[in-house]
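With compact mmCIF, C-alpha atoms inside, this is upload_29.txt:
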# COMPACT_ATOMS: atom_id res chain seq x y z
CA MET L 1 65.38 37.47 -1.46
CA MET L 2 63.55 35.12 0.88
CA LYS L 3 66.77 34.40 2.74
CA ASP L 4 66.89 38.06 3.76
CA THR L 5 63.33 38.14 5.11
CA ILE L 6 62.74 34.68 6.61
CA ASP L 7 64.73 32.91 9.34
CA ILE L 8 63.59 29.36 10.20
CA GLN L 9 65.44 27.15 12.65
CA LEU L 10 64.98 23.88 14.52
CA LYS L 11 67.26 23.80 17.54
CA GLN L 12 68.33 21.16 20.04
CA ASN L 13 69.36 23.73 22.66
CA SER L 14 67.77 26.73 24.41
CA LEU L 15 65.99 29.33 22.31
CA ILE L 16 66.90 32.98 22.77
CA VAL L 17 64.02 35.41 22.20
CA SER L 18 66.27 38.37 21.41
CA ASP L 19 67.92 36.41 18.58
CA CYS L 20 64.58 36.42 16.76
CA GLU L 21 63.58 39.97 17.69
CA GLN L 22 66.92 41.45 16.71
CA TRP L 23 66.97 39.49 13.47
CA VAL L 24 63.57 40.87 12.33
CA ALA L 25 64.32 44.49 13.32
CA CYS L 26 64.68 46.69 10.23
CA PRO L 27 64.36 50.37 9.24
CA ASP L 28 60.85 50.10 7.72
CA ALA L 29 59.39 48.30 10.76
CA GLY L 30 57.12 50.21 13.12
CA GLY L 31 56.32 47.24 15.32
CA ILE L 32 57.68 43.83 16.22
CA VAL L 33 55.39 41.24 17.81
CA SER L 34 56.80 38.06 19.35
CA PHE L 35 55.06 34.93 20.50
CA ILE L 36 56.94 32.79 23.02
CA GLY L 37 55.57 29.32 23.72
CA THR L 38 56.72 27.80 27.00
CA VAL L 39 56.35 24.41 28.67
CA ARG L 40 53.46 24.45 31.15
CA GLN L 41 53.74 22.37 34.30
CA LYS L 42 50.17 21.09 34.58
CA THR L 43 47.92 19.51 31.97
CA GLN L 44 44.44 18.46 33.12
CA GLN L 45 45.55 18.39 36.79
CA LYS L 46 48.54 16.15 36.04
CA GLU L 47 52.09 17.22 36.62
CA VAL L 48 54.29 17.23 33.53
CA LEU L 49 57.91 16.27 34.22
CA LYS L 50 59.16 17.29 30.80
CA LEU L 51 58.23 17.57 27.15
CA GLU L 52 59.88 15.85 24.25
CA PHE L 53 59.57 17.26 20.73
CA GLU L 54 60.31 15.38 17.55
CA ALA L 55 60.00 16.59 13.97
CA PHE L 56 60.04 15.37 10.40
CA GLU L 57 62.74 17.96 10.01
CA PRO L 58 62.99 18.75 6.27
CA MET L 59 59.20 19.05 5.96
CA ALA L 60 58.90 21.02 9.22
CA ILE L 61 61.36 23.56 7.81
CA LEU L 62 59.38 23.73 4.54
CA GLU L 63 56.02 24.18 6.30
CA MET L 64 57.39 26.88 8.62
CA THR L 65 58.88 28.64 5.59
CA LYS L 66 55.44 28.57 3.91
CA ILE L 67 53.91 30.15 7.02
CA ALA L 68 56.51 32.93 7.08
CA HIS L 69 56.01 33.52 3.36
CA GLU L 70 52.24 33.75 3.89
CA ALA L 71 52.77 36.23 6.75
CA ILE L 72 54.67 38.42 4.29
CA GLN L 73 52.16 38.01 1.43
CA ARG L 74 48.93 38.35 3.41
CA PHE L 75 49.84 40.65 6.27
CA GLY L 76 52.62 42.70 4.75
CA ALA L 77 55.22 41.47 7.22
CA LEU L 78 58.74 42.70 6.47
CA LYS L 79 60.69 39.97 8.26
CA VAL L 80 59.69 36.78 10.07
CA ALA L 81 61.75 34.54 12.36
CA ILE L 82 60.49 31.17 13.64
CA HIS L 83 62.69 29.08 15.94
CA HIS L 84 61.38 25.77 17.32
CA ARG L 85 63.07 23.63 19.94
CA LEU L 86 63.46 19.85 19.53
CA GLY L 87 64.33 17.07 21.97
CA MET L 88 63.76 17.27 25.70
CA VAL L 89 62.48 20.61 27.03
CA PRO L 90 62.09 21.12 30.81
CA VAL L 91 59.09 22.87 32.39
CA SER L 92 59.03 26.67 31.94
CA GLU L 93 61.61 26.67 29.15
CA ILE L 94 60.83 28.01 25.67
CA ALA L 95 59.53 25.62 23.00
CA VAL L 96 58.91 28.12 20.20
CA VAL L 97 59.64 31.76 19.34
CA ILE L 98 57.96 33.63 16.50
CA ALA L 99 58.92 37.24 15.82
CA VAL L 100 57.26 39.34 13.11
CA ALA L 101 58.20 42.86 12.03
CA CYS L 102 55.62 44.99 10.20
CA PRO L 103 55.31 48.67 9.32
CA HIS L 104 52.38 48.99 11.80
CA ARG L 105 51.41 47.13 14.97
CA LYS L 106 48.00 45.76 13.98
CA ALA L 107 49.41 43.78 11.08
CA ALA L 108 52.25 42.57 13.28
CA PHE L 109 49.82 41.19 15.89
CA ASP L 110 47.66 39.58 13.18
CA ALA L 111 50.62 38.05 11.34
CA CYS L 112 52.10 36.64 14.54
CA ALA L 113 48.75 35.10 15.58
CA TYR L 114 48.35 33.64 12.10
CA ALA L 115 51.85 32.14 12.28
CA ILE L 116 51.46 30.35 15.62
CA ASP L 117 47.89 29.18 14.86
CA THR L 118 48.98 27.73 11.52
CA LEU L 119 52.16 26.20 12.94
CA LYS L 120 50.01 24.21 15.35
CA GLU L 121 47.92 22.86 12.46
CA THR L 122 50.39 22.11 9.69
CA VAL L 123 53.99 21.76 10.86
CA PRO L 124 55.03 18.12 11.39
CA ILE L 125 56.32 18.45 14.94
CA TRP L 126 55.06 16.24 17.76
CA LYS L 127 55.00 16.90 21.48
CA LYS L 128 55.12 14.13 24.06
CA GLU L 129 54.19 15.00 27.65
CA VAL L 130 56.02 12.83 30.14
CA PHE L 131 54.37 12.21 33.54
CA ALA L 132 55.59 10.22 36.53
CA ASP L 133 53.34 7.32 35.42
CA GLY L 134 53.59 7.37 31.63
CA HIS L 135 53.36 9.67 28.63
CA VAL L 136 50.85 11.21 26.21
CA TRP L 137 51.29 12.40 22.63
CA VAL L 138 49.52 15.77 22.75
CA SER L 139 46.37 16.17 20.58
CA SER L 140 46.68 12.65 19.18
CA HIS L 141 43.15 11.59 20.13
CA PRO L 142 39.84 13.43 19.63
CA MET V 1 52.12 -5.25 -13.57
CA GLU V 2 54.42 -5.83 -10.66
CA ASN V 3 53.59 -4.86 -7.14
CA LEU V 4 54.86 -1.59 -5.74
CA GLU V 5 57.37 -1.51 -2.96
CA VAL V 6 57.22 1.59 -0.79
CA LYS V 7 58.99 2.76 2.32
CA ILE V 8 56.70 3.70 5.20
CA ILE V 9 58.05 6.13 7.79
CA ALA V 10 56.11 6.88 10.95
CA TYR V 11 56.54 9.64 13.53
CA GLY V 12 55.21 10.21 17.03
CA ILE V 13 52.30 8.09 18.16
CA ALA V 14 52.08 6.44 14.72
CA ARG V 15 55.60 5.05 15.24
CA GLU V 16 54.58 3.74 18.66
CA ILE V 17 51.48 2.03 17.23
CA ILE V 18 53.32 0.47 14.28
CA GLY V 19 56.32 -0.41 16.42
CA VAL V 20 59.05 0.73 14.01
CA PHE V 21 60.15 4.06 12.53
CA GLU V 22 60.63 2.67 9.04
CA HIS V 23 59.45 -0.41 7.15
CA VAL V 24 58.79 -1.60 3.61
CA MET V 25 55.31 -2.48 2.31
CA GLN V 26 54.11 -4.14 -0.88
CA LEU V 27 51.13 -2.52 -2.59
CA ASN V 28 49.08 -3.40 -5.65
CA PRO V 29 49.97 -1.51 -8.83
CA LYS V 30 48.37 1.97 -9.02
CA SER V 31 47.45 1.96 -5.34
CA THR V 32 46.32 5.24 -3.87
CA LEU V 33 47.12 6.67 -0.46
CA GLY V 34 43.49 5.92 0.44
CA GLU V 35 44.11 2.22 -0.24
CA LEU V 36 47.31 2.37 1.80
CA ARG V 37 45.33 4.02 4.62
CA ALA V 38 42.81 1.13 4.58
CA LEU V 39 45.60 -1.47 4.73
CA LEU V 40 47.35 0.32 7.58
CA VAL V 41 44.16 0.70 9.59
CA GLU V 42 43.33 -2.97 9.08
CA LYS V 43 46.80 -4.00 10.26
CA TYR V 44 47.04 -1.43 13.07
CA PRO V 45 43.46 -0.67 14.26
CA GLN V 46 44.70 1.85 16.85
CA LEU V 47 45.55 4.22 13.98
CA GLN V 48 41.81 4.68 13.45
CA GLN V 49 41.39 6.14 16.92
CA LEU V 50 43.69 9.09 16.14
CA ALA V 51 42.15 12.52 15.62
CA SER V 52 43.67 12.60 12.11
CA LEU V 53 46.08 10.66 9.95
CA ARG V 54 47.73 12.43 7.04
CA PHE V 55 50.37 11.33 4.55
CA ALA V 56 53.33 13.18 3.08
CA VAL V 57 55.21 12.20 -0.07
CA ASN V 58 58.33 14.15 -1.04
CA GLU V 59 57.79 16.40 1.97
CA ASN V 60 54.34 17.48 0.79
CA TYR V 61 50.93 16.65 2.23
CA GLU V 62 49.01 14.51 -0.28
CA ASN V 63 45.34 13.51 -0.42
CA ASP V 64 43.87 10.01 -0.43
CA ASP V 65 43.49 10.05 -4.23
CA PHE V 66 47.26 10.43 -4.70
CA ILE V 67 48.62 7.52 -6.77
CA VAL V 68 51.65 5.88 -5.20
CA LYS V 69 54.75 5.15 -7.30
CA ASN V 70 57.31 2.41 -6.80
CA ALA V 71 59.99 3.31 -4.23
CA ASP V 72 58.04 6.29 -2.86
CA GLU V 73 58.83 7.26 0.71
CA ILE V 74 55.52 7.76 2.45
CA VAL V 75 55.54 9.54 5.77
CA ILE V 76 52.67 8.95 8.17
CA ILE V 77 51.74 12.22 9.92
CA PRO V 78 49.62 11.72 13.05
CA PRO V 79 48.02 14.85 14.62
CA VAL V 80 50.74 17.48 14.91
CA SER V 81 51.34 19.33 18.19
CA GLY V 82 54.19 21.76 17.81
CA GLY V 83 54.40 25.12 19.51
Would you kindly transcribe this structure into structure tokens?
Amino acid sequence: MMKDTIDIQLKQNSLIVSDCEQWVACPDAGGIVSFIGTVRQKTQQKEVLKLEFEAFEPMAILEMTKIAHEAIQRFGALKVAIHHRLGMVPVSEIAVVIAVACPHRKAAFDACAYAIDTLKETVPIWKKEVFADGHVWVSSHP
Amino acid sequence: MENLEVKIIAYGIAREIIGVFEHVMQLNPKSTLGELRALLVEKYPQLQQLASLRFAVNENYENDDFIVKNADEIVIIPPVSGG
């Protein structure tokens, strides 16, 4: 059942937005909302050369599955796809795609916002920003 | 009772602070994750400066009152930053 409504992937190569959007499309959906997270060039006035993502992969998959399940339970989502990139990601490329299909648009917006907000709090994935003169693990210090 | 032997796995900045991805630690019988936290912070004071430090056992977040068993694999989860 869940396999038909939830698609979770960690990928070492480029993410394709339409893969997620097409996967969640279904006859009962009236709206699909996607969030696309991309690598920003500047952080606090410093130029980022690249990002590197690492994950505790089995648990990251479990936590993303919980989020998708919650999007279905709480917001009435019909189908949810979450793809996250791992490894080195150059500036302006896509780090994460979340697509949510719901019968109506409001729930789709709410479910998608819930999914990305929760992903950033619970999913064991870490982002390292690499600069010309060193690196920083994002959010590691208060 | 014999001491516990557990495998500690560290990701991200926690791995950098500890210096290795994986190592074995001896703990007193019936140790909790809270007691493990205290030992780790004593040995690696930089861990205390992190915004948060969580533990996962069997791919689940567990609280500081969780009682560790022999041969558990304990994953140190520093602040996450996916997305």
With all atoms listed in the file counted and 7 Å as the cut-off, give the residues of chain V in contact with chain L, each with its shortest interatomic distance in Å and the pair that gives it, as JSON lines.
{"residue": "V:Gly12", "atom": "CA", "partner": "L:Trp126", "partner_atom": "CA", "distance": 6.1}
{"residue": "V:Ile13", "atom": "CA", "partner": "L:Trp137", "partner_atom": "CA", "distance": 6.3}
{"residue": "V:Gln49", "atom": "CA", "partner": "L:His141", "partner_atom": "CA", "distance": 6.6}
{"residue": "V:Leu50", "atom": "CA", "partner": "L:His141", "partner_atom": "CA", "distance": 4.7}
{"residue": "V:Ala51", "atom": "CA", "partner": "L:His141", "partner_atom": "CA", "distance": 4.7}
{"residue": "V:Glu59", "atom": "CA", "partner": "L:Met59", "partner_atom": "CA", "distance": 5.0}
{"residue": "V:Ile77", "atom": "CA", "partner": "L:Pro124", "partner_atom": "CA", "distance": 6.9}
{"residue": "V:Pro78", "atom": "CA", "partner": "L:Ser140", "partner_atom": "CA", "distance": 6.9}
{"residue": "V:Pro79", "atom": "CA", "partner": "L:Ser140", "partner_atom": "CA", "distance": 5.2}
{"residue": "V:Val80", "atom": "CA", "partner": "L:Trp126", "partner_atom": "CA", "distance": 5.3}
{"residue": "V:Ser81", "atom": "CA", "partner": "L:Trp126", "partner_atom": "CA", "distance": 4.9}
{"residue": "V:Gly82", "atom": "CA", "partner": "L:Ile125", "partner_atom": "CA", "distance": 4.9}
{"residue": "V:Gly83", "atom": "CA", "partner": "L:Val96", "partner_atom": "CA", "distance": 5.5}
Between CA of Phe55 in chain V and CA of Glu5 in chain V, measure the distance and give it in Å to one decimal.
16.4 Å
Within 10 Å of Asn28 in chain V, counting all atoms listed in the file, which residues show up once you throw out same-chain ones fewer than 4 positions away? Write them as an MDAnalysis selection string, please.
chainID V and resid 1:5 32 35:36 68
Write out as a count of residues only the residues lying within 10 Å of Val100 in chain L, counting only C-alpha atoms and excluding same-chain residues fewer than 6 positions away.
29
Taking all atoms listed in the file into account, name the residue in V:Arg54, V:Asp72, V:Leu47, V:Ile67 that is nearest to Ile18 in chain V.
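So, comparing all the options, the nearest one is V:Leu47.
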Please, what distance in Å, to one decimal, runs between CA of Asn13 in chain L and CA of Pro90 in chain L?
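These atoms are spaced 11.2 Å apart.
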Can you work out which one of L:Val91, L:Ala101, L:Met64, L:Leu49 has the shortest atom-to-atom distance to Val130 in chain L, counting all atoms listed in the file?
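Under the stated criterion, the closest residue is L:Leu49.
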